[in-house]
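Reproduced below: structure-v1.tsv, with TSV, C-alpha atoms.
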```tsv
chain	number	residue	atom	x	y	z
A	1	MET	CA	0.00	0.00	0.00
A	2	LYS	CA	2.74	2.35	0.98
A	3	ARG	CA	4.52	1.57	-2.26
A	4	ILE	CA	1.49	2.47	-4.37
A	5	TYR	CA	1.21	5.64	-2.37
A	6	THR	CA	4.82	6.54	-3.20
A	7	ILE	CA	4.33	5.83	-6.89
A	8	VAL	CA	1.24	7.99	-7.00
A	9	LEU	CA	3.09	10.76	-5.18
A	10	VAL	CA	6.13	10.58	-7.49
A	11	ALA	CA	3.87	10.49	-10.55
A	12	PHE	CA	1.94	13.45	-9.21
A	13	CYS	CA	5.10	15.45	-8.70
A	14	LEU	CA	6.39	14.49	-12.13
A	15	PHE	CA	3.24	15.41	-13.99
A	16	SER	CA	2.61	18.58	-12.11
A	17	GLY	CA	6.21	19.47	-12.95
A	18	LEU	CA	5.61	18.69	-16.60
A	19	ASN	CA	2.49	20.72	-16.48
A	20	THR	CA	4.23	23.89	-15.32
A	21	PHE	CA	6.93	23.26	-17.91
A	22	ALA	CA	4.35	23.17	-20.68
A	23	GLN	CA	2.91	26.45	-19.49
A	24	THR	CA	5.97	28.64	-19.87
A	25	THR	CA	3.75	30.98	-21.85
A	26	PRO	CA	0.81	31.93	-19.70
A	27	HIS	CA	-2.48	30.91	-21.17
A	28	ILE	CA	-4.54	33.89	-22.22
A	29	SER	CA	-8.16	33.63	-23.20
A	30	GLU	CA	-9.08	34.67	-26.72
A	31	ALA	CA	-11.34	37.37	-25.29
A	32	GLU	CA	-8.40	38.88	-23.46
A	33	VAL	CA	-6.19	38.64	-26.56
A	34	GLU	CA	-8.85	40.49	-28.52
A	35	GLN	CA	-9.33	43.15	-25.88
A	36	ARG	CA	-5.62	43.80	-25.51
A	37	ALA	CA	-5.05	43.70	-29.29
A	38	ARG	CA	-7.69	46.39	-29.68
A	39	SER	CA	-5.97	48.69	-27.24
A	40	VAL	CA	-2.55	48.07	-28.82
A	41	GLY	CA	-4.01	48.50	-32.32
A	42	LYS	CA	-5.43	51.89	-31.40
A	43	SER	CA	-1.99	53.22	-30.58
A	44	LEU	CA	-0.24	51.92	-33.69
A	45	ARG	CA	-0.22	54.03	-36.82
A	46	CYS	CA	-1.01	52.42	-40.13
A	47	VAL	CA	2.12	53.16	-42.17
A	48	VAL	CA	0.19	53.09	-45.44
A	49	CYS	CA	-2.58	55.58	-44.68
A	50	GLN	CA	-0.63	57.34	-41.91
A	51	ASN	CA	-3.37	59.17	-40.06
A	52	GLN	CA	-5.37	56.14	-39.06
A	53	SER	CA	-4.58	53.54	-36.46
A	54	ILE	CA	-4.17	49.99	-37.69
A	55	ASP	CA	-7.54	49.24	-36.10
A	56	ASP	CA	-9.28	51.88	-38.21
A	57	SER	CA	-7.49	51.20	-41.46
A	58	ASN	CA	-8.64	49.07	-44.37
A	59	ALA	CA	-5.13	48.73	-45.79
A	60	PRO	CA	-3.99	45.11	-46.27
A	61	LEU	CA	-0.75	45.80	-44.40
A	62	ALA	CA	-2.77	47.09	-41.43
A	63	ALA	CA	-4.77	43.84	-41.47
A	64	ASP	CA	-1.56	41.84	-41.35
A	65	MET	CA	-0.29	44.05	-38.53
A	66	ARG	CA	-3.48	43.38	-36.55
A	67	LEU	CA	-2.88	39.65	-36.97
A	68	LEU	CA	0.72	40.04	-35.89
A	69	VAL	CA	-0.29	42.00	-32.77
A	70	ARG	CA	-2.62	39.14	-31.76
A	71	GLU	CA	0.10	36.61	-32.46
A	72	ARG	CA	2.60	38.46	-30.26
A	73	ILE	CA	0.07	38.74	-27.43
A	74	ARG	CA	-0.72	35.02	-27.63
A	75	ALA	CA	3.03	34.35	-27.49
A	76	GLY	CA	3.09	36.13	-24.14
A	77	ASP	CA	4.15	39.67	-25.04
A	78	ARG	CA	2.99	42.47	-22.79
A	79	ASN	CA	1.26	45.36	-24.59
A	80	GLU	CA	4.41	47.50	-24.30
A	81	ASP	CA	6.49	44.70	-25.83
A	82	VAL	CA	4.28	44.69	-28.92
A	83	LEU	CA	4.66	48.46	-29.27
A	84	ILE	CA	8.45	48.14	-28.88
A	85	TYR	CA	8.47	45.35	-31.48
A	86	MET	CA	6.77	47.59	-34.03
A	87	ARG	CA	8.84	50.62	-33.07
A	88	ASP	CA	12.07	48.68	-33.65
A	89	ARG	CA	10.93	48.08	-37.22
A	90	TYR	CA	9.09	51.26	-38.18
A	91	GLY	CA	10.50	53.86	-35.80
A	92	ASP	CA	8.73	56.31	-33.50
A	93	PHE	CA	6.44	57.23	-36.36
A	94	VAL	CA	4.44	54.03	-35.90
A	95	LEU	CA	3.34	55.15	-32.43
A	96	LEU	CA	0.30	57.41	-32.63
A	97	LYS	CA	1.18	58.95	-29.28
A	98	PRO	CA	4.63	60.51	-29.53
A	99	PRO	CA	7.03	59.07	-26.94
A	100	PHE	CA	8.49	61.42	-24.32
A	101	GLN	CA	12.16	61.76	-25.27
A	102	PRO	CA	14.67	64.55	-26.05
A	103	ASN	CA	13.62	65.03	-29.69
A	104	THR	CA	9.96	65.38	-28.71
A	105	TYR	CA	10.45	67.65	-25.66
A	106	ILE	CA	9.47	70.68	-27.73
A	107	LEU	CA	6.23	68.93	-28.69
A	108	TRP	CA	5.35	68.11	-25.09
A	109	PHE	CA	6.53	71.32	-23.47
A	110	ALA	CA	5.54	73.93	-26.06
A	111	PRO	CA	1.83	74.19	-25.11
A	112	MET	CA	2.65	74.42	-21.38
A	113	GLY	CA	5.49	76.85	-22.07
A	114	LEU	CA	3.30	79.10	-24.20
A	115	LEU	CA	0.60	79.09	-21.55
A	116	VAL	CA	3.12	80.06	-18.83
A	117	LEU	CA	4.57	82.80	-21.03
A	118	PHE	CA	1.11	84.15	-21.74
A	119	LEU	CA	0.19	84.17	-18.03
A	120	LEU	CA	3.44	85.96	-17.15
A	121	TRP	CA	2.78	88.56	-19.82
A	122	TYR	CA	-0.80	88.96	-18.61
A	123	ILE	CA	0.26	89.43	-14.97
A	124	VAL	CA	2.93	91.97	-15.92
A	125	GLN	CA	0.45	93.89	-18.07
A	126	THR	CA	-2.33	94.03	-15.48
A	127	ARG	CA	-0.02	94.90	-12.56
A	128	ARG	CA	1.73	97.74	-14.32
A	129	PRO	CA	0.25	101.11	-13.24
A	130	LYS	CA	-1.64	102.65	-16.09
A	131	GLN	CA	0.45	105.21	-17.86
A	132	SER	CA	-1.15	108.30	-19.16
A	133	VAL	CA	-1.06	108.20	-22.90
A	134	LYS	CA	1.54	110.53	-24.20
A	135	ILE	CA	0.52	112.31	-27.29
A	136	ALA	CA	3.35	113.23	-29.51
A	137	GLN	CA	3.61	116.93	-29.93
A	138	LEU	CA	3.51	118.09	-33.50
A	139	SER	CA	6.18	120.38	-34.74
A	140	ASP	CA	5.09	123.70	-36.22
A	141	ASP	CA	5.53	122.34	-39.70
A	142	GLU	CA	3.45	119.22	-38.92
A	143	GLN	CA	0.78	121.36	-37.26
A	144	LYS	CA	0.49	123.40	-40.42
A	145	ARG	CA	0.15	120.32	-42.59
A	146	TYR	CA	-2.37	118.89	-40.14
A	147	ASP	CA	-4.49	122.01	-40.26
A	148	ALA	CA	-4.31	121.94	-44.04
A	149	LEU	CA	-5.48	118.29	-44.06
A	150	ILE	CA	-8.35	118.94	-41.70
A	151	THR	CA	-9.60	121.79	-43.84
A	152	LYS	CA	-9.37	119.48	-46.84
A	153	ILE	CA	-11.49	116.83	-45.10
A	154	GLU	CA	-13.89	119.14	-43.27
A	155	PRO	CA	-14.10	122.33	-45.31
A	156	LYS	CA	-15.21	125.28	-43.17
A	157	SER	CA	-18.80	125.86	-43.88
B	1	MET	CA	7.96	107.37	-56.98
B	2	LYS	CA	4.98	109.16	-55.51
B	3	PHE	CA	2.66	107.22	-53.28
B	4	SER	CA	-0.83	108.48	-52.68
B	5	LEU	CA	-4.06	107.11	-51.30
B	6	GLU	CA	-7.62	108.05	-52.12
B	7	TRP	CA	-9.90	108.35	-49.14
B	8	LYS	CA	-13.42	109.76	-49.35
B	9	GLY	CA	-12.42	111.59	-52.50
B	10	ILE	CA	-9.40	113.17	-50.83
B	11	LYS	CA	-5.92	112.43	-52.02
B	12	LEU	CA	-3.46	111.75	-49.22
B	13	SER	CA	0.27	111.67	-49.86
B	14	LEU	CA	2.79	109.55	-47.99
B	15	GLU	CA	3.76	112.58	-45.88
B	16	ASP	CA	0.14	113.07	-44.88
B	17	LEU	CA	-0.07	109.49	-43.68
B	18	GLY	CA	3.20	109.96	-41.76
B	19	THR	CA	1.74	112.96	-39.97
B	20	GLY	CA	-1.31	110.93	-39.02
B	21	PHE	CA	0.83	108.13	-37.69
B	22	ALA	CA	2.98	110.49	-35.65
B	23	MET	CA	-0.16	111.98	-34.12
B	24	SER	CA	-1.59	108.61	-33.19
B	25	GLY	CA	1.27	108.11	-30.72
B	26	MET	CA	1.91	104.58	-32.02
B	27	LYS	CA	5.47	103.40	-32.04
B	28	VAL	CA	7.08	100.47	-33.78
B	29	THR	CA	8.82	98.51	-31.02
B	30	LEU	CA	10.86	95.35	-31.22
B	31	ILE	CA	8.44	93.47	-28.97
B	32	GLY	CA	5.60	94.45	-31.26
B	33	LEU	CA	7.35	92.60	-34.08
B	34	VAL	CA	7.47	89.30	-32.16
B	35	PRO	CA	4.20	87.96	-33.68
B	36	LEU	CA	5.52	88.77	-37.14
B	37	PHE	CA	8.72	86.83	-36.47
B	38	MET	CA	6.78	83.92	-34.98
B	39	PHE	CA	4.59	83.85	-38.06
B	40	LEU	CA	7.63	83.87	-40.35
B	41	ALA	CA	9.35	81.09	-38.37
B	42	LEU	CA	6.27	78.83	-38.32
B	43	GLY	CA	5.44	79.65	-41.92
B	44	SER	CA	8.87	78.67	-43.15
B	45	ALA	CA	8.90	75.47	-41.04
B	46	PHE	CA	5.56	74.43	-42.56
B	47	ALA	CA	6.67	75.42	-46.06
B	48	ILE	CA	9.77	73.21	-45.78
B	49	SER	CA	7.71	70.29	-44.43
B	50	LEU	CA	5.30	70.58	-47.35
B	51	THR	CA	8.08	69.87	-49.84
B	52	LYS	CA	8.86	66.52	-48.19
B	53	ASP	CA	7.10	63.30	-49.15
B	54	PRO	CA	5.38	62.00	-46.02
B	55	SER	CA	5.19	58.44	-47.35
B	56	ILE	CA	8.97	58.09	-47.17
B	57	LEU	CA	9.83	56.96	-43.67
B	58	PRO	CA	13.44	56.83	-42.57
B	59	SER	CA	14.43	53.20	-42.13
B	60	GLN	CA	15.21	51.99	-38.65
B	61	LEU	CA	17.34	49.22	-40.04
B	62	ILE	CA	20.27	51.04	-41.66
B	63	ASP	CA	23.54	49.53	-40.39
B	64	LYS	CA	21.59	46.87	-38.53
B	65	PRO	CA	21.86	43.18	-39.36
B	66	PHE	CA	19.42	41.98	-42.00
B	67	PRO	CA	16.70	40.11	-40.07
B	68	GLU	CA	16.91	36.34	-39.83
B	69	PHE	CA	14.21	34.64	-41.83
B	70	SER	CA	12.98	31.24	-42.80
B	71	LEU	CA	10.49	31.48	-45.62
B	72	PRO	CA	9.32	29.10	-48.32
B	73	ASP	CA	10.71	29.36	-51.84
B	74	LEU	CA	8.11	30.78	-54.22
B	75	PHE	CA	8.77	27.95	-56.66
B	76	ASP	CA	8.98	25.14	-54.11
B	77	GLU	CA	6.72	25.14	-51.09
B	78	GLU	CA	8.83	22.50	-49.34
B	79	HIS	CA	12.09	24.35	-49.72
B	80	MET	CA	12.82	26.88	-46.99
B	81	LEU	CA	15.19	29.75	-47.67
B	82	THR	CA	17.09	31.47	-44.86
B	83	LYS	CA	19.55	34.29	-44.38
B	84	ALA	CA	22.36	31.76	-44.95
B	85	ASP	CA	21.26	31.57	-48.60
B	86	MET	CA	22.40	35.16	-49.07
B	87	SER	CA	25.94	33.73	-49.05
B	88	GLY	CA	28.09	36.60	-47.86
B	89	GLN	CA	27.80	38.62	-51.05
B	90	VAL	CA	26.55	42.14	-51.46
B	91	THR	CA	22.89	41.50	-52.21
B	92	LEU	CA	19.96	43.52	-53.44
B	93	VAL	CA	16.74	42.60	-51.65
B	94	ASN	CA	13.65	43.62	-53.59
B	95	ILE	CA	10.07	43.51	-52.33
B	96	PHE	CA	7.52	43.02	-55.08
B	97	GLY	CA	4.11	41.52	-55.81
B	98	SER	CA	2.14	40.64	-58.91
B	99	TRP	CA	-0.47	43.21	-57.77
B	100	CYS	CA	2.06	46.02	-57.69
B	101	MET	CA	2.00	48.37	-60.68
B	102	ALA	CA	5.25	50.15	-59.89
B	103	CYS	CA	7.00	46.75	-59.69
B	104	ASP	CA	6.00	46.17	-63.29
B	105	TYR	CA	7.63	49.47	-64.16
B	106	GLU	CA	10.78	48.55	-62.23
B	107	HIS	CA	11.08	45.04	-63.61
B	108	GLU	CA	13.02	45.86	-66.76
B	109	MET	CA	15.74	47.55	-64.69
B	110	LEU	CA	16.04	44.50	-62.42
B	111	MET	CA	16.33	42.28	-65.51
B	112	SER	CA	19.19	44.41	-66.77
B	113	ILE	CA	20.96	44.22	-63.37
B	114	ALA	CA	20.59	40.44	-63.43
B	115	LYS	CA	21.76	40.15	-67.02
B	116	ASN	CA	24.93	42.09	-66.29
B	117	LYS	CA	25.47	39.92	-63.17
B	118	GLU	CA	25.99	43.04	-61.10
B	119	LEU	CA	24.90	41.39	-57.85
B	120	PRO	CA	22.53	38.66	-56.65
B	121	ILE	CA	18.93	39.79	-56.11
B	122	LEU	CA	16.72	38.26	-53.45
B	123	GLY	CA	13.06	38.73	-54.32
B	124	VAL	CA	10.35	38.92	-51.67
B	125	ASP	CA	6.97	38.14	-53.20
B	126	TRP	CA	4.77	40.01	-50.78
B	127	ARG	CA	1.02	39.53	-50.11
B	128	ASP	CA	0.60	37.51	-53.25
B	129	THR	CA	-0.62	34.10	-54.29
B	130	ARG	CA	1.91	31.54	-55.51
B	131	VAL	CA	0.09	31.10	-58.80
B	132	LYS	CA	-0.03	34.80	-59.59
B	133	GLY	CA	3.54	35.43	-58.43
B	134	LYS	CA	4.92	32.61	-60.57
B	135	ARG	CA	2.86	33.63	-63.59
B	136	TRP	CA	4.03	37.22	-63.23
B	137	LEU	CA	7.70	36.15	-63.27
B	138	LYS	CA	7.19	33.71	-66.09
B	139	LYS	CA	5.68	36.40	-68.30
B	140	ARG	CA	8.31	39.05	-67.58
B	141	GLY	CA	11.38	36.97	-66.84
B	142	ASN	CA	12.90	36.22	-63.47
B	143	PRO	CA	15.75	38.53	-62.40
B	144	TYR	CA	15.93	37.01	-58.91
B	145	THR	CA	18.58	34.64	-57.61
B	146	ASN	CA	16.01	33.43	-55.09
B	147	VAL	CA	12.42	34.37	-54.42
B	148	VAL	CA	10.85	33.94	-50.99
B	149	PHE	CA	7.11	33.94	-50.53
B	150	ASP	CA	5.75	36.24	-47.80
B	151	GLU	CA	2.00	35.84	-47.83
B	152	PHE	CA	1.05	37.48	-44.52
B	153	SER	CA	3.61	40.31	-44.32
B	154	LYS	CA	5.60	38.65	-41.53
B	155	PHE	CA	8.89	39.30	-43.25
B	156	ALA	CA	7.69	42.62	-44.66
B	157	ILE	CA	6.95	43.89	-41.15
B	158	ASP	CA	10.36	42.65	-39.94
B	159	LEU	CA	11.85	44.78	-42.70
B	160	GLY	CA	9.69	47.80	-41.87
B	161	ILE	CA	8.07	47.80	-45.32
B	162	THR	CA	5.34	50.34	-46.04
B	163	GLY	CA	4.67	49.49	-49.67
B	164	ALA	CA	6.08	47.86	-52.78
B	165	PRO	CA	8.48	48.15	-54.40
B	166	GLU	CA	11.13	48.72	-51.79
B	167	SER	CA	14.72	47.56	-51.98
B	168	PHE	CA	17.61	47.07	-49.58
B	169	ILE	CA	21.31	46.82	-50.20
B	170	VAL	CA	22.85	44.27	-47.83
B	171	ASP	CA	26.61	44.10	-47.42
B	172	LYS	CA	28.88	41.03	-47.23
B	173	ARG	CA	28.50	40.85	-43.45
B	174	GLY	CA	24.73	40.73	-43.80
B	175	GLN	CA	24.17	44.30	-42.62
B	176	ILE	CA	21.56	46.53	-44.23
B	177	ARG	CA	23.37	49.52	-45.69
B	178	TYR	CA	20.77	51.28	-47.81
B	179	LYS	CA	17.02	51.34	-48.31
B	180	HIS	CA	15.37	52.52	-51.48
B	181	ILE	CA	11.64	53.29	-51.53
B	182	GLY	CA	9.85	53.13	-54.86
B	183	PRO	CA	10.89	51.67	-58.20
B	184	ILE	CA	14.53	51.38	-59.19
B	185	THR	CA	14.99	53.29	-62.42
B	186	ARG	CA	18.00	53.52	-64.71
B	187	LYS	CA	18.64	57.00	-63.31
B	188	ASN	CA	18.54	56.23	-59.60
B	189	TRP	CA	20.39	52.94	-60.14
B	190	ASP	CA	23.27	54.63	-61.96
B	191	GLU	CA	23.39	57.67	-59.72
B	192	ILE	CA	22.63	56.34	-56.24
B	193	LEU	CA	22.36	52.58	-55.85
B	194	LYS	CA	25.11	51.29	-58.08
B	195	PRO	CA	27.88	53.47	-56.56
B	196	ILE	CA	26.88	52.13	-53.13
B	197	VAL	CA	26.95	48.54	-54.41
B	198	VAL	CA	30.38	49.03	-56.01
B	199	ASP	CA	31.76	50.52	-52.78
B	200	LEU	CA	30.39	47.67	-50.70
B	201	GLN	CA	31.69	45.04	-53.12
B	202	ALA	CA	35.16	46.56	-52.73
B	203	GLU	CA	34.94	46.28	-48.92
B	204	LYS	CA	37.21	43.63	-47.48
B	205	LEU	CA	35.74	41.35	-44.86
B	206	GLY	CA	37.45	41.56	-41.50
B	207	ALA	CA	38.69	45.08	-42.17
B	208	GLU	CA	36.58	46.71	-39.51
```
Take the structure in this file and express it as structure tokens.
Amino acid sequence: MKRIYTIVLVAFCLFSGLNTFAQTTPHISEAEVEQRARSVGKSLRCVVCQNQSIDDSNAPLAADMRLLVRERIRAGDRNEDVLIYMRDRYGDFVLLKPPFQPNTYILWFAPMGLLVLFLLWYIVQTRRPKQSVKIAQLSDDEQKRYDALITKIEPKS
Amino acid sequence: MKFSLEWKGIKLSLEDLGTGFAMSGMKVTLIGLVPLFMFLALGSAFAISLTKDPSILPSQLIDKPFPEFSLPDLFDEEHMLTKADMSGQVTLVNIFGSWCMACDYEHEMLMSIAKNKELPILGVDWRDTRVKGKRWLKKRGNPYTNVVFDEFSKFAIDLGITGAPESFIVDKRGQIRYKHIGPITRKNWDEILKPIVVDLQAEKLGAE
């Protein structure tokens, strides 16, 4: 009896070991693959039509890219890994959301920077005491020409 | 030259306008010109961008190793071709398909390259059917040393392809050295691609 017990135990250990070995790639349900592929697909640019994501595009290459995204996810890639995979091949351009890195700093900071500059300007303008408007004095010659113009426009009645 | 302006039937000379401006108390200041400069800077940046073709993406793969592949031969489903079949020679890799009009246009040039034995050409028949691909080559002649069949863009995506035809020049070490987007014509072959090929063929292996 004890012997059978041992065999069963050894077999159990063996098979459970085999089982974990077979599952080096975690099993993901098709529903999850689909859901994650959709979110990845939305952030990948179709390189044929360029202003659509691969999910929105009808281009054949976009269709193949959608298939590839699903394949990578099934193989155990995280969403970021799939994006990196595509970026290695097509460059930053394939990402619809520009990555945050030195050559895109201007893109990310410009709106904030402009807003700050505008606020600074606004504060300076509103805080400055109102200056009385200085009217340039006309020289005698200019005054004469001015009078002449006025009489041209509004002749004395 | 005399400048004058008609306003409500009254003729105003340039001096008259100057008087009016002086009276208004307005002054041209440097800070007031900032919007003009911003407009000019943005305008010229946009104008330069407009002259560039947005469909030409810079390749990520220049000076990177040509990707490993294992793809079936177009002419023999059972026979797999791999990177080892590129055999350490400077190679032209050309992506084509029987559906691709510009490939038809390019074909004659590839035939001439093959006829002069300038370098081996690896063809990638992309998003095609075997029957159509084979018929296409039979009708026009086959300039390719080998043709691999890439039905579902797996290899095309590894190569960062956006359309056909596209071509790569791969050096003896199997590194991608140049990518050409669009058809190879006599002009761009003679002026751009061939000089690169000749340079690479003269490179000695091991002379890093």
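The closest residue to Gln143 in chain A, picked from B:Gly133, B:Asp16, B:Met101, B:Met111 and counting all atoms listed in the file, is B:Asp16.
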Where does range 27-144 of chain A meet range 137-151 of chain B within 12 Å, residue by residue, with the nearest atom pair and distance in Å to one decimal for each, counting all atoms listed in the file, listed by chain and rising number, as a tab-separated table?
```
residue	atom	partner	partner_atom	distance
A:Pro60	CA	B:Glu151	CA	11.1
A:Leu61	CA	B:Glu151	CA	10.9
A:Asp64	CA	B:Glu151	CA	9.5
```
Select from chain A every residue with an atom at most 9 Å from any atom of chain B, then for each give the shortest pair of atoms and their distance in Å to one decimal, using all atoms listed in the file, rows by chain and rising number, as CSV.
```
residue,atom,partner,partner_atom,distance
A:Cys46,CA,B:Thr162,CA,8.9
A:Val47,CA,B:Thr162,CA,5.8
A:Val48,CA,B:Thr162,CA,5.9
A:Cys49,CA,B:Ser55,CA,8.7
A:Gln50,CA,B:Ser55,CA,8.0
A:Pro60,CA,B:Arg127,CA,8.4
A:Leu61,CA,B:Ser153,CA,7.0
A:Asp64,CA,B:Phe152,CA,6.0
A:Met65,CA,B:Ile157,CA,7.7
A:Leu67,CA,B:Phe152,CA,8.8
A:Leu68,CA,B:Lys154,CA,7.6
A:Met86,CA,B:Ile157,CA,8.0
A:Arg87,CA,B:Gln60,CA,8.6
A:Asp88,CA,B:Gln60,CA,6.8
A:Arg89,CA,B:Gly160,CA,4.8
A:Tyr90,CA,B:Gly160,CA,5.1
A:Gly91,CA,B:Gln60,CA,5.8
A:Phe93,CA,B:Leu57,CA,8.1
A:Val133,CA,B:Gly25,CA,8.2
A:Lys134,CA,B:Gly25,CA,7.0
A:Ile135,CA,B:Gly25,CA,5.5
A:Ala136,CA,B:Gly25,CA,5.7
A:Gln137,CA,B:Met23,CA,7.5
A:Leu138,CA,B:Met23,CA,7.2
A:Glu142,CA,B:Thr19,CA,6.6
A:Gln143,CA,B:Thr19,CA,8.9
A:Arg145,CA,B:Asp16,CA,7.6
A:Tyr146,CA,B:Thr19,CA,7.2
A:Leu149,CA,B:Asp16,CA,7.7
A:Lys152,CA,B:Ile10,CA,7.5
A:Ile153,CA,B:Ile10,CA,7.1
```
Just to confirm, what's the straight-line distance from CA of Met86 in chain B to CA of Gly174 in chain B in Å (one decimal)?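 Atom-to-atom, CA of Met86 in chain B and CA of Gly174 in chain B are spaced 8.0 Å apart.
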Rounded to one decimal in Å, what is the spacing between CA of Lys172 in chain B and CA of Asp125 in chain B? 22.9 Å
Dump as a list of chain:residue names all residues having an atom at most 10 Å from (6.9, 30.9, -51.1), computed in the file's coordinates with all atoms listed in the file.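 The answer, in the requested form, is B:Leu71, B:Pro72, B:Asp73, B:Leu74, B:Phe75, B:Asp76, B:Glu77, B:Glu78, B:His79, B:Met80, B:Leu81, B:Val124, B:Asp125, B:Trp126, B:Asp128, B:Thr129, B:Arg130, B:Gly133, B:Lys134, B:Val147, B:Val148, B:Phe149, B:Asp150, B:Glu151.
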